[in-house]
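Undergrad: Compact mmCIF, C-alpha atoms and all ligand atoms, saved as entry_16.txt, coming up:
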# COMPACT_ATOMS: atom_id res chain seq x y z
CA MET A 1 69.65 42.07 -28.45
CA SER A 2 66.10 41.61 -29.72
CA ASN A 3 63.93 38.72 -28.58
CA ALA A 4 61.73 37.09 -31.19
CA ARG A 5 59.14 36.29 -28.52
CA SER A 6 58.65 39.90 -27.46
CA PRO A 7 56.91 42.50 -29.60
CA GLN A 8 59.30 45.19 -30.82
CA ALA A 9 58.42 48.74 -31.77
CA PRO A 10 57.42 48.93 -35.45
CA TYR A 11 59.12 52.35 -35.70
CA GLU A 12 62.60 53.61 -34.93
CA VAL A 13 62.79 56.32 -32.27
CA ILE A 14 66.52 57.02 -31.92
CA ARG A 15 68.62 56.30 -34.99
CA TRP A 16 72.42 56.26 -35.04
CA SER A 17 74.40 55.72 -38.24
CA GLU A 18 77.61 56.84 -39.93
CA GLU A 19 75.77 60.07 -40.80
CA GLY A 20 75.13 60.71 -37.10
CA LEU A 21 72.06 61.00 -34.90
CA SER A 22 68.45 61.36 -35.96
CA LEU A 23 65.28 61.29 -33.91
CA LEU A 24 61.62 60.63 -34.52
CA ASP A 25 60.21 64.13 -33.91
CA GLN A 26 57.59 63.54 -31.21
CA THR A 27 56.20 67.05 -31.50
CA ARG A 28 54.84 66.02 -34.94
CA LEU A 29 53.00 62.93 -33.67
CA PRO A 30 50.38 61.63 -34.19
CA TRP A 31 49.90 63.65 -37.39
CA SER A 32 53.14 62.73 -39.08
CA VAL A 33 56.05 60.38 -38.52
CA GLU A 34 59.18 62.35 -39.34
CA HIS A 35 62.80 61.88 -38.41
CA ILE A 36 64.97 64.94 -37.89
CA ALA A 37 68.74 65.04 -38.17
CA VAL A 38 70.43 66.17 -34.97
CA ARG A 39 73.64 67.53 -36.41
CA ASP A 40 75.26 69.27 -33.46
CA LEU A 41 75.15 69.92 -29.76
CA ALA A 42 72.81 72.92 -30.05
CA SER A 43 70.21 70.91 -31.97
CA ALA A 44 70.47 68.04 -29.47
CA CYS A 45 69.82 70.46 -26.59
CA GLU A 46 66.95 72.03 -28.52
CA ALA A 47 65.42 68.60 -29.26
CA ILE A 48 65.44 67.67 -25.56
CA THR A 49 64.23 71.04 -24.26
CA THR A 50 61.37 71.31 -26.74
CA MET A 51 60.47 67.63 -26.24
CA ARG A 52 61.06 66.45 -29.79
CA VAL A 53 62.48 63.56 -27.79
CA ARG A 54 61.18 62.96 -24.30
CA GLY A 55 60.85 60.26 -21.67
CA ALA A 56 63.60 59.65 -19.13
CA PRO A 57 65.58 56.84 -20.83
CA ALA A 58 65.17 58.33 -24.33
CA ILE A 59 66.62 61.69 -23.35
CA GLY A 60 69.53 59.94 -21.63
CA ILE A 61 70.36 57.90 -24.74
CA THR A 62 69.94 60.95 -26.98
CA ALA A 63 72.36 62.91 -24.79
CA ALA A 64 74.86 60.03 -24.93
CA TYR A 65 74.74 59.94 -28.75
CA ALA A 66 74.99 63.75 -28.87
CA LEU A 67 78.18 63.48 -26.82
CA ALA A 68 79.51 60.78 -29.16
CA GLN A 69 78.84 63.12 -32.08
CA GLU A 70 80.55 65.97 -30.26
CA ALA A 71 83.55 63.74 -29.49
CA ARG A 72 83.86 63.00 -33.22
CA ARG A 73 83.76 66.72 -33.98
CA LEU A 74 86.53 67.29 -31.43
CA SER A 75 88.72 64.46 -32.73
CA SER A 76 91.13 66.79 -34.58
CA GLN A 77 92.06 68.45 -31.27
CA SER A 78 94.50 67.31 -28.60
CA VAL A 79 93.09 64.71 -26.24
CA ASP A 80 93.07 67.16 -23.31
CA ASP A 81 91.18 69.78 -25.32
CA ALA A 82 88.75 67.14 -26.61
CA ARG A 83 88.13 65.90 -23.06
CA GLN A 84 87.52 69.45 -21.85
CA GLY A 85 85.17 70.15 -24.77
CA LEU A 86 83.27 66.98 -24.04
CA ALA A 87 82.89 67.90 -20.36
CA GLN A 88 81.44 71.28 -21.35
CA ALA A 89 79.04 69.62 -23.78
CA ALA A 90 77.99 67.21 -21.03
CA GLU A 91 77.18 70.13 -18.75
CA ARG A 92 75.02 71.79 -21.41
CA LEU A 93 73.13 68.57 -22.08
CA ALA A 94 72.61 67.81 -18.39
CA ALA A 95 71.11 71.27 -17.89
CA THR A 96 68.38 70.81 -20.53
CA ARG A 97 65.87 69.10 -18.20
CA PRO A 98 66.31 68.73 -14.43
CA THR A 99 64.05 65.92 -13.23
CA ALA A 100 64.86 62.76 -15.20
CA VAL A 101 68.02 61.38 -13.61
CA ASN A 102 68.77 59.21 -16.67
CA LEU A 103 70.07 62.32 -18.43
CA ARG A 104 72.77 62.97 -15.82
CA TRP A 105 73.47 59.26 -15.49
CA ALA A 106 74.02 58.92 -19.25
CA VAL A 107 76.36 61.89 -19.67
CA ALA A 108 78.36 60.84 -16.60
CA ARG A 109 78.74 57.37 -18.07
CA VAL A 110 80.07 58.70 -21.39
CA LEU A 111 82.55 60.93 -19.57
CA ALA A 112 83.69 58.01 -17.40
CA ALA A 113 84.11 55.78 -20.46
CA THR A 114 86.40 58.34 -22.12
CA GLU A 115 88.40 59.25 -19.03
CA HIS A 116 91.54 57.28 -19.93
CA ALA A 117 91.51 57.78 -23.71
CA SER A 118 95.05 58.00 -25.07
CA ASP A 119 94.18 60.31 -27.98
CA SER A 120 91.16 62.14 -29.29
CA ALA A 121 90.32 59.51 -31.94
CA VAL A 122 90.19 56.87 -29.20
CA LEU A 123 88.10 59.24 -27.11
CA ALA A 124 85.55 59.56 -29.94
CA HIS A 125 85.51 55.80 -30.37
CA LEU A 126 84.96 55.18 -26.64
CA ALA A 127 82.17 57.78 -26.45
CA THR A 128 80.39 56.18 -29.40
CA GLU A 129 80.80 52.71 -27.93
CA ALA A 130 79.38 53.88 -24.56
CA ALA A 131 76.31 55.46 -26.21
CA GLN A 132 75.64 52.36 -28.30
CA GLU A 133 76.03 50.15 -25.24
CA MET A 134 73.52 52.23 -23.29
CA HIS A 135 71.01 52.05 -26.11
CA ALA A 136 71.43 48.26 -26.41
CA GLU A 137 71.16 47.85 -22.63
CA GLN A 138 67.93 49.86 -22.58
CA ILE A 139 66.41 47.62 -25.26
CA GLU A 140 67.34 44.58 -23.20
CA ALA A 141 66.14 46.18 -19.93
CA ASP A 142 62.78 46.96 -21.57
CA ARG A 143 62.46 43.36 -22.69
CA ARG A 144 63.23 42.12 -19.15
CA MET A 145 60.77 44.56 -17.54
CA ALA A 146 58.02 43.52 -19.94
CA ALA A 147 58.68 39.85 -19.17
CA LEU A 148 58.72 40.45 -15.40
CA GLY A 149 55.82 42.91 -15.29
CA ALA A 150 53.22 41.19 -17.49
CA PRO A 151 52.72 38.23 -15.09
CA LEU A 152 51.67 40.70 -12.37
CA LEU A 153 48.32 40.53 -14.17
CA GLU A 154 46.64 37.24 -13.36
CA ASP A 155 43.23 35.69 -14.08
CA GLY A 156 42.57 36.45 -17.73
CA ALA A 157 42.37 39.60 -19.81
CA GLN A 158 41.92 42.77 -17.79
CA THR A 159 41.54 46.51 -18.03
CA VAL A 160 44.53 48.57 -16.90
CA ILE A 161 45.20 52.28 -16.64
CA THR A 162 48.29 54.32 -17.45
CA HIS A 163 49.48 57.91 -17.30
CA CYS A 164 51.81 59.81 -19.64
CA ASN A 165 53.82 58.02 -22.29
CA THR A 166 56.18 55.20 -21.40
CA GLY A 167 56.34 53.30 -24.68
CA PRO A 168 59.08 52.90 -27.30
CA LEU A 169 59.01 56.66 -27.87
CA ALA A 170 60.14 57.18 -24.28
CA THR A 171 63.02 54.67 -24.25
CA GLY A 172 64.15 53.69 -27.74
CA GLY A 173 63.31 50.08 -26.78
CA LEU A 174 59.86 48.60 -26.10
CA GLY A 175 59.16 51.04 -23.28
CA THR A 176 58.76 50.71 -19.54
CA ALA A 177 55.15 50.65 -18.27
CA LEU A 178 53.76 50.58 -21.79
CA GLY A 179 56.15 47.75 -22.63
CA VAL A 180 54.56 45.73 -19.82
CA ILE A 181 51.09 46.58 -21.15
CA ILE A 182 51.99 45.69 -24.76
CA GLU A 183 53.53 42.41 -23.63
CA GLY A 184 50.55 41.79 -21.31
CA HIS A 185 48.21 42.24 -24.28
CA ARG A 186 50.30 39.84 -26.36
CA GLN A 187 50.01 37.25 -23.56
CA GLY A 188 46.23 37.74 -23.26
CA ARG A 189 46.44 39.40 -19.84
CA VAL A 190 45.44 42.91 -20.98
CA ARG A 191 42.06 43.37 -22.66
CA ASP A 192 42.13 47.14 -22.91
CA VAL A 193 43.73 50.26 -21.50
CA LEU A 194 42.48 53.53 -20.07
CA VAL A 195 44.95 56.17 -21.23
CA ASP A 196 45.07 59.42 -19.25
CA GLU A 197 45.30 62.26 -21.78
CA THR A 198 48.13 63.76 -19.65
CA ARG A 199 47.63 67.49 -19.59
CA PRO A 200 49.25 69.85 -20.33
CA ARG A 201 51.47 68.23 -23.00
CA TRP A 202 49.02 65.48 -24.00
CA GLN A 203 51.57 62.63 -23.99
CA GLY A 204 48.71 60.17 -23.39
CA ALA A 205 46.34 61.44 -26.07
CA ARG A 206 49.01 62.12 -28.69
CA LEU A 207 51.72 59.54 -28.04
CA THR A 208 50.45 56.61 -25.94
CA SER A 209 47.27 56.29 -27.96
CA TRP A 210 49.30 56.32 -31.20
CA GLU A 211 51.71 53.72 -29.83
CA LEU A 212 48.90 51.43 -28.66
CA GLN A 213 47.38 51.70 -32.14
CA GLN A 214 50.71 50.68 -33.69
CA HIS A 215 50.72 47.61 -31.41
CA GLY A 216 47.01 46.80 -31.88
CA VAL A 217 46.09 47.27 -28.21
CA PRO A 218 42.46 48.42 -27.59
CA HIS A 219 42.23 51.56 -25.46
CA ASP A 220 40.23 54.64 -24.58
CA VAL A 221 41.74 58.04 -23.93
CA ILE A 222 40.22 59.71 -20.88
CA ALA A 223 40.53 63.15 -19.30
CA ASP A 224 42.99 62.96 -16.39
CA GLY A 225 40.21 64.07 -14.06
CA ALA A 226 38.02 61.13 -15.14
CA ALA A 227 40.43 58.44 -13.95
CA ALA A 228 39.30 58.15 -10.31
CA GLY A 229 35.65 57.88 -11.30
CA LEU A 230 36.23 55.29 -14.04
CA ILE A 231 38.25 52.78 -12.00
CA THR A 232 35.18 50.95 -10.65
CA PRO A 233 32.79 51.17 -13.64
CA ARG A 234 35.52 50.05 -16.06
CA GLY A 235 36.80 47.34 -13.70
CA VAL A 236 40.38 48.62 -13.74
CA ARG A 237 42.61 45.92 -12.22
CA ALA A 238 46.01 47.65 -12.15
CA ALA A 239 47.84 50.88 -12.93
CA PHE A 240 51.24 50.89 -14.66
CA VAL A 241 53.29 54.09 -14.84
CA GLY A 242 56.89 55.00 -15.57
CA ALA A 243 59.34 57.12 -13.61
CA ASP A 244 61.73 59.98 -14.17
CA ARG A 245 63.57 59.53 -10.90
CA ILE A 246 63.19 57.04 -8.06
CA ALA A 247 64.69 58.24 -4.79
CA ALA A 248 66.55 55.88 -2.43
CA ASN A 249 63.40 55.39 -0.32
CA GLY A 250 61.18 54.57 -3.32
CA ASP A 251 59.47 57.97 -3.68
CA THR A 252 58.95 58.34 -7.42
CA ALA A 253 58.90 61.43 -9.63
CA ASN A 254 56.83 60.96 -12.77
CA LYS A 255 54.61 63.04 -15.05
CA VAL A 256 52.35 65.46 -13.18
CA GLY A 257 49.09 63.68 -12.36
CA THR A 258 50.75 60.40 -11.38
CA PHE A 259 50.39 61.12 -7.65
CA GLY A 260 46.65 61.74 -8.05
CA LEU A 261 46.25 58.47 -9.94
CA ALA A 262 48.15 56.62 -7.19
CA LEU A 263 45.82 58.10 -4.56
CA ALA A 264 42.78 57.02 -6.56
CA CYS A 265 44.18 53.50 -6.91
CA ARG A 266 44.84 53.26 -3.17
CA TYR A 267 41.25 54.35 -2.44
CA HIS A 268 39.90 51.67 -4.78
CA GLY A 269 42.33 48.95 -3.68
CA VAL A 270 43.89 48.74 -7.15
CA PRO A 271 47.61 47.83 -7.35
CA PHE A 272 49.81 50.70 -8.53
CA TYR A 273 53.00 49.59 -10.31
CA VAL A 274 56.00 51.71 -11.29
CA VAL A 275 58.10 50.32 -14.15
CA ALA A 276 61.58 51.77 -14.65
CA PRO A 277 65.11 50.68 -15.47
CA ARG A 278 67.84 50.85 -12.84
CA SER A 279 69.23 53.96 -14.55
CA THR A 280 66.17 55.83 -13.20
CA VAL A 281 67.02 54.97 -9.60
CA ASP A 282 68.98 57.70 -7.82
CA LEU A 283 70.42 56.41 -4.55
CA ALA A 284 72.05 59.81 -4.01
CA THR A 285 68.59 61.36 -3.59
CA PRO A 286 67.32 60.21 -0.19
CA SER A 287 63.62 60.97 -0.70
CA GLY A 288 61.16 62.66 -3.03
CA ARG A 289 61.54 65.95 -1.18
CA ALA A 290 65.02 66.34 -2.69
CA ILE A 291 63.91 65.82 -6.31
CA VAL A 292 64.00 68.99 -8.42
CA ILE A 293 60.72 69.33 -10.28
CA GLU A 294 60.90 70.99 -13.70
CA GLU A 295 58.70 74.07 -14.05
CA ARG A 296 57.64 74.64 -17.65
CA ASP A 297 56.15 77.65 -19.42
CA GLU A 298 52.73 78.68 -18.11
CA ASP A 299 51.45 78.91 -21.66
CA GLU A 300 51.37 75.08 -21.83
CA VAL A 301 48.55 75.19 -19.26
CA LEU A 302 46.80 78.36 -20.41
CA SER A 303 46.59 77.24 -24.05
CA ALA A 304 45.78 74.11 -26.02
CA GLY A 305 46.88 73.43 -29.59
CA GLY A 306 48.16 76.98 -29.92
CA THR A 307 44.84 78.55 -28.86
CA ARG A 308 44.69 80.51 -25.63
CA LEU A 309 41.82 79.16 -23.50
CA ALA A 310 42.34 80.86 -20.15
CA ALA A 311 40.93 84.29 -19.46
CA PRO A 312 43.13 87.20 -20.50
CA GLY A 313 45.47 88.06 -17.63
CA ALA A 314 45.19 84.61 -15.98
CA HIS A 315 48.44 82.99 -14.83
CA ALA A 316 49.33 79.33 -14.34
CA VAL A 317 51.81 77.16 -12.48
CA ASN A 318 53.14 74.31 -14.57
CA PRO A 319 55.14 71.64 -12.73
CA ALA A 320 56.02 68.96 -15.29
CA PHE A 321 56.24 66.19 -12.66
CA ASP A 322 55.01 65.23 -9.22
CA VAL A 323 56.26 62.82 -6.60
CA THR A 324 54.30 59.73 -5.59
CA PRO A 325 55.21 58.65 -2.04
CA ALA A 326 56.67 55.14 -1.83
CA GLU A 327 53.83 53.99 0.44
CA LEU A 328 51.37 54.28 -2.48
CA ILE A 329 53.47 52.05 -4.77
CA THR A 330 52.62 48.34 -4.77
CA ALA A 331 55.82 47.27 -6.55
CA ILE A 332 58.63 48.69 -8.67
CA VAL A 333 59.42 46.62 -11.75
CA THR A 334 63.07 46.91 -12.85
CA GLU A 335 65.13 44.76 -15.19
CA ALA A 336 66.71 43.29 -12.04
CA GLY A 337 63.41 42.06 -10.63
CA VAL A 338 60.06 43.10 -9.14
CA LEU A 339 60.88 45.08 -5.99
CA ARG A 340 58.47 45.17 -3.04
CA PRO A 341 58.44 47.39 0.05
CA PRO A 342 60.44 48.26 2.04
CA TYR A 343 62.05 49.89 -0.98
CA ALA A 344 65.24 51.30 0.59
CA PRO A 345 66.99 47.91 0.96
CA ALA A 346 65.39 46.49 -2.21
CA LEU A 347 66.58 49.42 -4.35
CA ARG A 348 70.03 49.38 -2.76
CA GLU A 349 70.41 45.70 -3.58
CA ALA A 350 69.08 46.15 -7.15
CA ILE A 351 71.61 48.91 -7.82
CA THR A 352 74.69 47.92 -5.83
CA GLY A 353 74.15 44.17 -5.45
CA ARG A 354 74.48 44.63 -1.68
CA SER A 355 71.56 44.48 0.72
CA GLY A 356 73.36 45.97 3.75
O1 LIG B 1 58.05 65.27 -19.79
P1 LIG B 1 58.25 63.91 -20.39
O2 LIG B 1 57.31 63.62 -21.52
O3 LIG B 1 59.70 63.68 -20.74
O4 LIG B 1 57.87 62.93 -19.21
C1 LIG B 1 57.89 61.56 -19.43
C2 LIG B 1 57.38 60.80 -18.26
O5 LIG B 1 57.06 61.32 -17.23
C3 LIG B 1 57.40 59.34 -18.40
O6 LIG B 1 56.29 58.78 -17.77
C4 LIG B 1 58.70 58.87 -17.75
O7 LIG B 1 59.81 59.50 -18.34
C5 LIG B 1 58.88 57.44 -17.84
S1 LIG B 1 59.44 57.07 -19.43
C6 LIG B 1 59.79 55.57 -19.73
Please, can you express the file's structure as structure tokens?

TA:
Amino acid sequence: MSNARSPQAPYEVIRWSEEGLSLLDQTRLPWSVEHIAVRDLASACEAITTMRVRGAPAIGITAAYALAQEARRLSSQSVDDARQGLAQAAERLAATRPTAVNLRWAVARVLAATEHASDSAVLAHLATEAAQEMHAEQIEADRRMAALGAPLLEDGAQTVITHCNTGPLATGGLGTALGVIIEGHRQGRVRDVLVDETRPRWQGARLTSWELQQHGVPHDVIADGAAAGLITPRGVRAAFVGADRIAANGDTANKVGTFGLALACRYHGVPFYVVAPRSTVDLATPSGRAIVIEERDEDEVLSAGGTRLAAPGAHAVNPAFDVTPAELITAIVTEAGVLRPPYAPALREAITGRSG
């Protein structure tokens, strides 16, 4: 599945072996690189909820492997009991985070793959095969997106901007938007990167900056609020972001702050690109208004690094994502091609193969 011409992540994010599932614990980065064993369903749910693993494709693949592990645990039961147990596990996993559609997509795919299993050992085998397939497909999709997205940058090495973390840590492959940036740097199209720190969970400062260091890509971390004012002085030529869910009309949910960056780019005439695999597209969601936005604990906003910063008694609202309207998006890069507006027919064709 790997391509010698594309840079691969020099660290393993999601590891599957005979011993089971283990994950690079992203809550420990950038201070230490540690893998944790995910031994059962409860620890898989905990790892997703607490963001030891995060990023839309990565949580989908993690959930798929967690189901494979659960199917193995259930393999001494009758096939009907194992199937029922797996369906319950799928429900628990799908409920861990609401916005990234890849999570639901992945658990549905494992359940579909095991639907006709003749016995519980076959069921465990099919679940494992489905999870491994999804992981391999994501690696290949990332490679395709990087190859398709990097040429969007023309005319020599440029400065680009990104928000949140969309690298290998977020997909288990090369990443989505950050994969394009890493490949763009390798091709001499990206000189350096402005990295939004991404409050309140600091995915930019803690994860994207670390990943760009691992890949030798020059960058500066900036406060989210500095982005609009730095686009002109730093000569930013394009923005690349990921997605947690793309509605049928192209409206895109991504990490909170993405919408503001898109508005700033429109004001400055800078192209704003979304990079996401087809598993992030949700044709069943007609527009961004129907996307459920995860609300996280207010303490993430009121505190930083475990220290309360807000005045005693202050409260916060903490939406983890926002929705960028399709009209602010210059193009959506998927593994099936670079989609341009109008997005409704383009997305339909990319997902179903039919334009009508
Ligand atoms: O809350 P997170 O860290 O899971 O959010 C991640 C993002 O918003 C990413 O930008 C998105 O999942 C795209 S990942 C390839």

Undergrad: Return as JSON lines the residues of chain A lying at most 8 Å from ligand LIG 1 (chain B), together with the closest atom-to-atom pair for each and the distance in Å to one decimal, counting all atoms listed in the file, with rows in chain order and ascending residue number.

TA:
{"residue": "A:Met51", "atom": "CA", "partner": "B:LIG1", "partner_atom": "O3", "distance": 6.8}
{"residue": "A:Val53", "atom": "CA", "partner": "B:LIG1", "partner_atom": "O3", "distance": 7.6}
{"residue": "A:Arg54", "atom": "CA", "partner": "B:LIG1", "partner_atom": "O3", "distance": 3.9}
{"residue": "A:Gly55", "atom": "CA", "partner": "B:LIG1", "partner_atom": "O7", "distance": 3.6}
{"residue": "A:Ala56", "atom": "CA", "partner": "B:LIG1", "partner_atom": "O7", "distance": 3.9}
{"residue": "A:Pro57", "atom": "CA", "partner": "B:LIG1", "partner_atom": "C6", "distance": 6.0}
{"residue": "A:Ala58", "atom": "CA", "partner": "B:LIG1", "partner_atom": "C6", "distance": 7.6}
{"residue": "A:Ile59", "atom": "CA", "partner": "B:LIG1", "partner_atom": "O3", "distance": 7.7}
{"residue": "A:Ala100", "atom": "CA", "partner": "B:LIG1", "partner_atom": "O7", "distance": 6.8}
{"residue": "A:His163", "atom": "CA", "partner": "B:LIG1", "partner_atom": "O6", "distance": 6.9}
{"residue": "A:Cys164", "atom": "CA", "partner": "B:LIG1", "partner_atom": "O6", "distance": 5.0}
{"residue": "A:Asn165", "atom": "CA", "partner": "B:LIG1", "partner_atom": "O6", "distance": 5.2}
{"residue": "A:Thr166", "atom": "CA", "partner": "B:LIG1", "partner_atom": "C6", "distance": 4.0}
{"residue": "A:Gly167", "atom": "CA", "partner": "B:LIG1", "partner_atom": "C6", "distance": 6.4}
{"residue": "A:Ala170", "atom": "CA", "partner": "B:LIG1", "partner_atom": "C6", "distance": 4.8}
{"residue": "A:Thr171", "atom": "CA", "partner": "B:LIG1", "partner_atom": "C6", "distance": 5.6}
{"residue": "A:Gly175", "atom": "CA", "partner": "B:LIG1", "partner_atom": "C6", "distance": 5.8}
{"residue": "A:Thr176", "atom": "CA", "partner": "B:LIG1", "partner_atom": "C6", "distance": 5.0}
{"residue": "A:Ala177", "atom": "CA", "partner": "B:LIG1", "partner_atom": "C6", "distance": 6.9}
{"residue": "A:Arg201", "atom": "CA", "partner": "B:LIG1", "partner_atom": "O2", "distance": 7.6}
{"residue": "A:Gln203", "atom": "CA", "partner": "B:LIG1", "partner_atom": "O2", "distance": 6.3}
{"residue": "A:Val241", "atom": "CA", "partner": "B:LIG1", "partner_atom": "O6", "distance": 6.3}
{"residue": "A:Gly242", "atom": "CA", "partner": "B:LIG1", "partner_atom": "C5", "distance": 3.9}
{"residue": "A:Ala243", "atom": "CA", "partner": "B:LIG1", "partner_atom": "C5", "distance": 4.3}
{"residue": "A:Asp244", "atom": "CA", "partner": "B:LIG1", "partner_atom": "O7", "distance": 4.6}
{"residue": "A:Ala253", "atom": "CA", "partner": "B:LIG1", "partner_atom": "O5", "distance": 7.8}
{"residue": "A:Asn254", "atom": "CA", "partner": "B:LIG1", "partner_atom": "O5", "distance": 4.5}
{"residue": "A:Lys255", "atom": "CA", "partner": "B:LIG1", "partner_atom": "O5", "distance": 3.7}
{"residue": "A:Val256", "atom": "CA", "partner": "B:LIG1", "partner_atom": "O5", "distance": 7.5}
{"residue": "A:Val275", "atom": "CA", "partner": "B:LIG1", "partner_atom": "C6", "distance": 7.8}
{"residue": "A:Ala276", "atom": "CA", "partner": "B:LIG1", "partner_atom": "C6", "distance": 6.6}
{"residue": "A:Ala320", "atom": "CA", "partner": "B:LIG1", "partner_atom": "O1", "distance": 6.2}
{"residue": "A:Phe321", "atom": "CA", "partner": "B:LIG1", "partner_atom": "O5", "distance": 6.7}

Undergrad: I'd like to know which of A:Leu152, A:Asp299, A:His185, A:His35 is closest to A:Gly313, using all atoms listed in the file.

TA: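 Looking at the shortest contact to A:Gly313, the residue is A:Asp299.
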
Undergrad: Quick one: pull the distance between atom CA of A:Thr324 and atom CA of A:Leu207, Å, one decimal.

TA: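 Distance between the two atoms: 22.6 Å.
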
Undergrad: To one decimal in Å, tell me the separation between atom CA of A:Leu174 and atom CA of A:Ala146.

TA: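 Spanning atom CA of A:Leu174 to atom CA of A:Ala146 is a straight-line distance of 8.2 Å.
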
Undergrad: Do a neighbour search on A:Ala37 at 12 Å with all atoms listed in the file, toss out local chain neighbours closer than 5 positions, and write the hits as a list in words.

TA: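 So, after excluding close chain neighbours, the residues are Ile14, Arg15, Trp16, Ser17, Glu19, Gly20, Leu21, Ser22, Leu23, Leu24, Asp25, Ser43, Ala44, Ala47, Arg52, Thr62, Ala66 and Gln69 of chain A.
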
Undergrad: May I have the residues within 12 Å of A:Asp297 as a list in words, using only C-alpha atoms and disregarding those fewer than 4 positions away in the same chain?

TA: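 Residues meeting the cut-off are Thr49, Thr50, Pro200, Arg201, Val301, Leu302, Ser303, His315, Ala316, Val317, Asn318, Pro319 and Ala320 of chain A.
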
Undergrad: Closest to A:Phe240 among A:Ile161, A:Gly179, A:Trp202, A:Ile291, using all atoms listed in the file?

TA: A:Ile161

Undergrad: Determine the nearest neighbour of A:Gly172 from the options A:Ala136, A:Val101, A:Ala131, A:Cys265, counting all atoms listed in the file.

TA: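 Smallest distance to A:Gly172 is found for A:Ala136.
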
Undergrad: So that I can see what lies close to A:Ala9, please list as an MDAnalysis selection string the residues with an atom at most 8 Å from it, counting only C-alpha atoms and leaving out residues fewer than 3 positions away in the same chain.

TA: chainID A and resid 12 168 173:174 215

Undergrad: Which residue gives the smallest distance to A:Gly353 among A:Arg186, A:Arg278, A:Arg245, A:Arg39, with all atoms listed in the file counted?

TA: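 Ranked by minimum distance to A:Gly353, first place goes to A:Arg278.
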
Undergrad: Edge lengths and centre, in Å to one decimal, as JSON: that's what I need for the box along x, y and z that holds all listed atoms of stretch 279-292 of chain A plus 5 Å on each side.

TA:
{"center_x": 66.6, "center_y": 61.5, "center_z": -7.4, "size_x": 20.9, "size_y": 25.0, "size_z": 24.4}

Undergrad: Name all residues at most 6 Å from A:Ala157 (count all atoms listed in the file; drop same-chain ones fewer than 2 positions away) and give them as a PDB file with C-alpha atoms, in the coordinates of the input.

TA:
ATOM      1  CA  GLY A 188      46.230  37.740 -23.260  1.00  0.00           C
ATOM      2  CA  ARG A 189      46.440  39.400 -19.840  1.00  0.00           C
ATOM      3  CA  VAL A 190      45.440  42.910 -20.980  1.00  0.00           C
ATOM      4  CA  ARG A 191      42.060  43.370 -22.660  1.00  0.00           C
TER       5      ARG A 191
END

Undergrad: Quick one: residues within 9 Å of stretch 327-342 of chain A, all atoms listed in the file, excluding same-chain residues fewer than 3 positions away - as JSON, numbers by chain?

TA: {"A": [140, 141, 142, 143, 144, 145, 146, 148, 149, 176, 177, 249, 250, 251, 252, 259, 262, 263, 265, 266, 271, 272, 273, 274, 275, 276, 277, 278, 324, 345, 346, 347, 350, 351]}

Undergrad: Using only C-alpha atoms for the distances, tell me which of A:Ala68, A:Thr285, A:Asp220, A:Glu183 is nearest to A:Ala205.

TA: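 Closest residue, counting only C-alpha atoms: A:Asp220.
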
Undergrad: Rounded to one decimal in Å, what is the spacing between atom CA of A:Ala94 and atom CA of A:Glu46?

TA: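 Between these atoms lies a distance of 12.3 Å.
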
Undergrad: Counting all atoms listed in the file, which residues sit no farther than 12 Å from the position (90.5, 67.3, -27.0) in the file's frame? I'd like them as a list in words.

TA: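 The requested residues, written out, are Glu70, Ala71, Arg72, Arg73, Leu74, Ser75, Ser76, Gln77, Ser78, Val79, Asp80, Asp81, Ala82, Arg83, Gln84, Gly85, Leu86, Ala87, Gln88, Thr114, Glu115, Ala117, Ser118, Asp119, Ser120, Ala121, Val122, Leu123 and Ala124 of chain A.
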
Undergrad: When you count only C-alpha atoms, which of these residues is closest to A:Ala326: A:Ala284, A:Ala42, A:Ile246, A:Val270?

TA: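 Result for the nearest residue to A:Ala326: A:Ile246.
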